[in-house]
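Asks: One structure, as structure tokens, below. Some questions next.
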Amino acid sequence: MSAVLECRAVRKVFQTYERAPGLKGILSNFFSRESIDVVALESIDLEVAAGEFVGLIGPNGAGKTTLVKAVTGILPVTSGSATLFGCDTFHLADEHKRRLSVVMGQRSQLWWDLPPLDSFRLLREIYEVPQERFGKRLADYAEMLDVEDQLKIQLRLLSLGQRMKMEIIGAFLHDPEVVFLDEPTIGLDLVSREVIRRFLVELNREHGATMVLTSHDMEDIEDTCQRLVILEGGSVRFDGDLVELHHRVVGRRAVEIHLEPGTRAWSESLAAELAPYRAELVKHTPGALTFVVEAPRTQAFVKHLFDLFEVRDVAVERQPLEHLIKEIYSSREAEASG
Amino acid sequence: MTLARHMRLLAVAVDYEFRKVAVFRVGFLVREVLNGVVEPLVMIAVYHAIYSQSTAASLGGWSYDEIVQYMLVVMFCRKVIIHNRALDVSTQIFEGYFTKYLVMPFRFTVLPVARWVQYTLLQLGVAGILWTIGALALPDVWPRPVSGVAAAQALTLCLIGSFCIFEMHLIVHLLAFWLDVVWSLLVMSNFITSFVSGAIMPVSQMPAALRDAFVWMFPYWAVCAPIEIFLGRLGTADFVRGLWVLALSLFALDLLRRFVWARGRHRFAGSGM
């Protein structure tokens, strides 16, 4: 499949000013400021083929949103090249922008005081969608997202979930070939998230729309994406098939134990005692411990935990993908500091 | 983008702007109907105090009755000329809502221009109604144009001048790419524009040095000169001169706006996204 989006050695540097602390600092900064470069993206190489559904994740400040802005032409890259439909992203012509859409979870593209239908009409004109297609798509999408009755209600009166569904309808009305979704499910309830995910998957499958989804919610990624890109510190840390990543966790289990109040606390000596199981402590709170252990060792490991602690409750499940991603983050941090 | 498509989009955007301003009734009444009415009435009170203290029948070539008529026409000019609070471009830039327009296949300027068109059409309608009411209620005091041609010339200058002022506001709004003090700058620029335009006092009442300087600036041709043409103090030759000044100003402002836009776009980091 041909690539619709290509990044080659993309680097983005923001310039900011260093502010000295204290009153003296305020005064000295007023007269002379020292500028510093903040590297938001470093040597990003990325290709997205037509029809792919790519998940883009990373901790806060990893550069996800900057990358989305760079590849949609919102901001220019400092060096390297970013192309969409074969054109430099910062100089996209209208004919290319017509094939693109961006959904921002935290910023509405519809007018707050007007019913969504009014905003959709303006979008129809901007994207030159024929009236017939506009009407059909609007009816179909409103039905799929279950918001047919809310189209004529002021946007400000709708719930967060309904508003986000309207945003998504607005983004898809012109049948874009490439869609960037920046945290579209942020703050939404489970049902709304599920409906939105189903909608996105269906449009990806039925219409072949290429999608790049940014989210902190791993369920969003697992339910929709075929491919995962992990960004950290402005660089790509992982770029691969989500199934391949799943295979890495299939053979591992997450064991979570809840402790009776007053039971012994976690200590180095306990760690030594559990060392033969090669279990990794991934979460530690005063009342609960979560380990990741290889599946064949799980039974003996759990038995040993019962010997060591007064266990109130225990849960064993496949290792969540989140743990592996945290591992990827932390292994890179270790590499950087080592 | 063809001109026809621009015009179609502009028409839809004007309709969109009408819907936006009509959503809240009180907001509509205050912002769209009462706008521009208060300041000239205050200035009439100020002039009343000044003339009642003076022994001279006229000040700077204006009698009290003439200055009242001038201020009444100022009221309508102020209504028609777009004001500094009519646009929200800087807020959109600063809060990041502006980001969405950068990925859409159209020129962003269409939206502010649509706001200007909507504002002007609405204000012309409201001004027409208020003018009729005033002329019927106060036939002796109410100013009348010296001729139909003079009225048309005055309106032409006022509308082109309004577009120049709109371009100036838009440039100040675009400074939000760099600065967070746009509203302060707008308030300052609004006051200066009011003074230069003659909305506070007729330019002909000002000292000669200011008068000679202001006649080369577009605000003068948006308010003071059109009113003086309307009242018969200036003639067709002045109207033609005004057209030239406004056309050159519009050209310069448009170039400056494009320059600020291009530089700002390179700087914009899409905050809030």
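If you're wondering about the labels, chains in the structure tokens are A, B, ... by order shown, residues count from 1 in each chain, ligands from 1 in order shown.
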With 9 Å as the limit and counting only C-alpha atoms, what residues in chain A lie close to chain B? Please list them as a VMD selection string.

Replies: chain A and resid 14 65 to 66 69 72 to 76 92 to 98 100 to 109 111 113 to 114 118 to 119 121 to 123 125 to 128 182

Asks: Output the selection as a short mmCIF file (atom, residue, chain, number, x, y, z; two decimals), in the first residue's frame - N, CA and C atoms for each residue.

Replies:
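Wrote selection_36.cif, looks like this:
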data_model
loop_
_atom_site.label_atom_id
_atom_site.label_comp_id
_atom_site.auth_asym_id
_atom_site.auth_seq_id
_atom_site.Cartn_x
_atom_site.Cartn_y
_atom_site.Cartn_z
N PHE A 14 11.38 24.23 19.67
CA PHE A 14 10.72 25.47 20.09
C PHE A 14 11.74 26.31 20.84
N THR A 65 1.27 15.48 20.35
CA THR A 65 0.48 16.55 19.74
C THR A 65 1.32 17.38 18.79
N THR A 66 2.58 17.59 19.15
CA THR A 66 3.47 18.34 18.24
C THR A 66 3.61 17.59 16.92
N LYS A 69 0.52 18.09 14.94
CA LYS A 69 0.50 19.44 14.37
C LYS A 69 1.47 19.55 13.19
N THR A 72 0.05 17.74 10.09
CA THR A 72 -1.18 18.30 9.52
C THR A 72 -0.95 19.72 9.00
N GLY A 73 0.30 20.19 9.11
CA GLY A 73 0.61 21.51 8.56
C GLY A 73 0.27 22.65 9.48
N ILE A 74 -0.05 22.35 10.74
CA ILE A 74 -0.37 23.44 11.67
C ILE A 74 0.91 24.18 12.05
N LEU A 75 1.99 23.44 12.20
CA LEU A 75 3.27 24.13 12.42
C LEU A 75 4.36 23.53 11.54
N PRO A 76 5.32 24.39 11.18
CA PRO A 76 6.39 23.90 10.30
C PRO A 76 7.43 23.10 11.09
N LEU A 92 0.28 22.69 2.40
CA LEU A 92 -0.76 21.89 1.76
C LEU A 92 -1.72 22.80 1.00
N ALA A 93 -2.04 22.38 -0.21
CA ALA A 93 -3.01 23.15 -1.00
C ALA A 93 -4.42 22.76 -0.53
N ASP A 94 -5.40 23.60 -0.90
CA ASP A 94 -6.78 23.32 -0.49
C ASP A 94 -7.24 21.93 -0.93
N GLU A 95 -6.78 21.52 -2.13
CA GLU A 95 -7.22 20.21 -2.64
C GLU A 95 -6.72 19.07 -1.73
N HIS A 96 -5.58 19.30 -1.06
CA HIS A 96 -5.08 18.28 -0.13
C HIS A 96 -5.76 18.40 1.22
N LYS A 97 -5.99 19.62 1.65
CA LYS A 97 -6.67 19.82 2.95
C LYS A 97 -8.07 19.22 2.93
N ARG A 98 -8.66 19.20 1.74
CA ARG A 98 -10.01 18.65 1.62
C ARG A 98 -10.03 17.15 1.92
N LEU A 100 -8.31 15.76 4.29
CA LEU A 100 -7.75 15.63 5.64
C LEU A 100 -8.77 16.09 6.69
N SER A 101 -8.64 15.54 7.86
CA SER A 101 -9.48 16.03 8.96
C SER A 101 -8.75 15.85 10.28
N VAL A 102 -9.03 16.75 11.20
CA VAL A 102 -8.40 16.67 12.52
C VAL A 102 -9.48 16.84 13.58
N VAL A 103 -9.49 15.93 14.55
CA VAL A 103 -10.41 16.05 15.68
C VAL A 103 -9.57 16.31 16.92
N MET A 104 -9.90 17.39 17.61
CA MET A 104 -9.16 17.71 18.82
C MET A 104 -10.08 17.50 20.01
N GLY A 105 -9.71 16.57 20.86
CA GLY A 105 -10.57 16.23 21.99
C GLY A 105 -10.80 17.40 22.92
N GLN A 106 -9.84 18.31 22.98
CA GLN A 106 -9.96 19.39 23.96
C GLN A 106 -10.36 20.71 23.34
N ARG A 107 -10.51 20.74 22.04
CA ARG A 107 -10.88 22.00 21.38
C ARG A 107 -11.97 21.74 20.36
N SER A 108 -13.09 22.44 20.55
CA SER A 108 -14.23 22.22 19.67
C SER A 108 -14.02 22.91 18.32
N GLN A 109 -14.48 22.28 17.27
CA GLN A 109 -14.45 22.97 15.97
C GLN A 109 -15.85 23.45 15.61
N TRP A 111 -19.37 25.71 16.67
CA TRP A 111 -19.64 26.93 17.43
C TRP A 111 -20.46 26.62 18.68
N ASP A 113 -22.34 28.31 20.74
CA ASP A 113 -23.69 28.83 20.98
C ASP A 113 -24.70 28.40 19.92
N LEU A 114 -24.24 27.68 18.92
CA LEU A 114 -25.17 27.30 17.85
C LEU A 114 -25.44 25.79 17.87
N ASP A 118 -26.04 23.89 12.38
CA ASP A 118 -25.59 25.15 11.76
C ASP A 118 -24.10 25.10 11.44
N SER A 119 -23.32 24.56 12.37
CA SER A 119 -21.87 24.44 12.13
C SER A 119 -21.61 23.46 10.98
N ARG A 121 -23.44 22.92 8.44
CA ARG A 121 -23.76 23.57 7.16
C ARG A 121 -22.58 24.42 6.68
N LEU A 122 -21.94 25.10 7.63
CA LEU A 122 -20.77 25.91 7.26
C LEU A 122 -19.64 24.97 6.79
N LEU A 123 -19.46 23.86 7.50
CA LEU A 123 -18.42 22.90 7.10
C LEU A 123 -18.73 22.32 5.72
N GLU A 125 -20.12 23.82 3.30
CA GLU A 125 -19.73 24.81 2.30
C GLU A 125 -18.21 24.89 2.17
N ILE A 126 -17.52 24.84 3.31
CA ILE A 126 -16.05 24.92 3.29
C ILE A 126 -15.47 23.74 2.51
N TYR A 127 -16.03 22.56 2.73
CA TYR A 127 -15.50 21.35 2.07
C TYR A 127 -16.22 21.03 0.76
N GLU A 128 -17.16 21.88 0.38
CA GLU A 128 -17.92 21.70 -0.88
C GLU A 128 -18.52 20.31 -1.01
N ASP A 182 -7.02 13.50 18.11
CA ASP A 182 -6.19 13.79 19.27
C ASP A 182 -7.05 13.65 20.53
#

Asks: Can you pull out the residues contacting stretch 132-149 of chain A? Cut-off 8 Å, using only C-alpha atoms, and skip same-chain residues under 5 positions away; I want them as JSON, numbers by chain.

Replies: {"A": [124, 162, 165, 166, 169, 173, 174, 195, 196, 199]}

Asks: Measuring between only C-alpha atoms, which one of B:Phe94, B:Met206, B:Leu246, B:His173 shows the shortest distance to B:Thr156?

Replies: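 Under the stated criterion, the closest residue is B:Leu246.
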
Asks: Write down as a list in words the residues belonging to stretch 185-218 of chain B that are assigned helix (DSSP H, G or I) by DSSP computed on the backbone.

Replies: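 Taking stretch 185-218 of chain B and keeping helix (DSSP H, G or I) only, one gets Leu185, Leu186, Val187, Met188, Ser189, Asn190, Phe191, Ile192, Thr193, Ser194, Phe195, Val196, Ser197, Val203, Ser204, Gln205, Ala208, Ala209, Leu210, Arg211, Asp212, Ala213, Phe214 and Phe218 of chain B.
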
Asks: Any chance you could list, as a VMD selection string, the residues in stretch 89-298 of chain A that come up strand (DSSP E or B) when DSSP is run on the backbone?

Replies: chain A and resid 100 to 104 178 to 182 210 to 214 227 to 232 235 to 241 252 to 259 280 to 285 288 to 294

Asks: For a quick check of understanding, using only C-alpha atoms, which of A:Ser2, A:Ser267, A:Ser35, A:Ser43 has the smallest distance to A:Leu84?

Replies: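 Smallest separation from A:Leu84 among the options: A:Ser2.
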
Asks: Using only C-alpha atoms for the distances, tell me which of B:Tyr119, B:Phe191, B:Trp178, B:Trp261 is nearest to B:Ile82.

Replies: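 Among the listed residues, B:Tyr119 lies closest to B:Ile82.
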
Asks: List as a ChimeraX atom specification the protein and nucleic acid residues near B:Tyr47, meaning an atom at most 9 Å away when only C-alpha atoms are counted, but skip any in the same chain fewer than 6 places from it.

Replies: /B:64,67-68

Asks: Between B:Val80, B:Ala225, B:Leu231, B:Val203, single out the one closest to B:Pro145, counting only C-alpha atoms.

Replies: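 Nearest to B:Pro145: B:Leu231.
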
Asks: Atom CA of A:Val179 to atom CA of A:Phe53: how many Å, to one decimal?

Replies: 9.5 Å
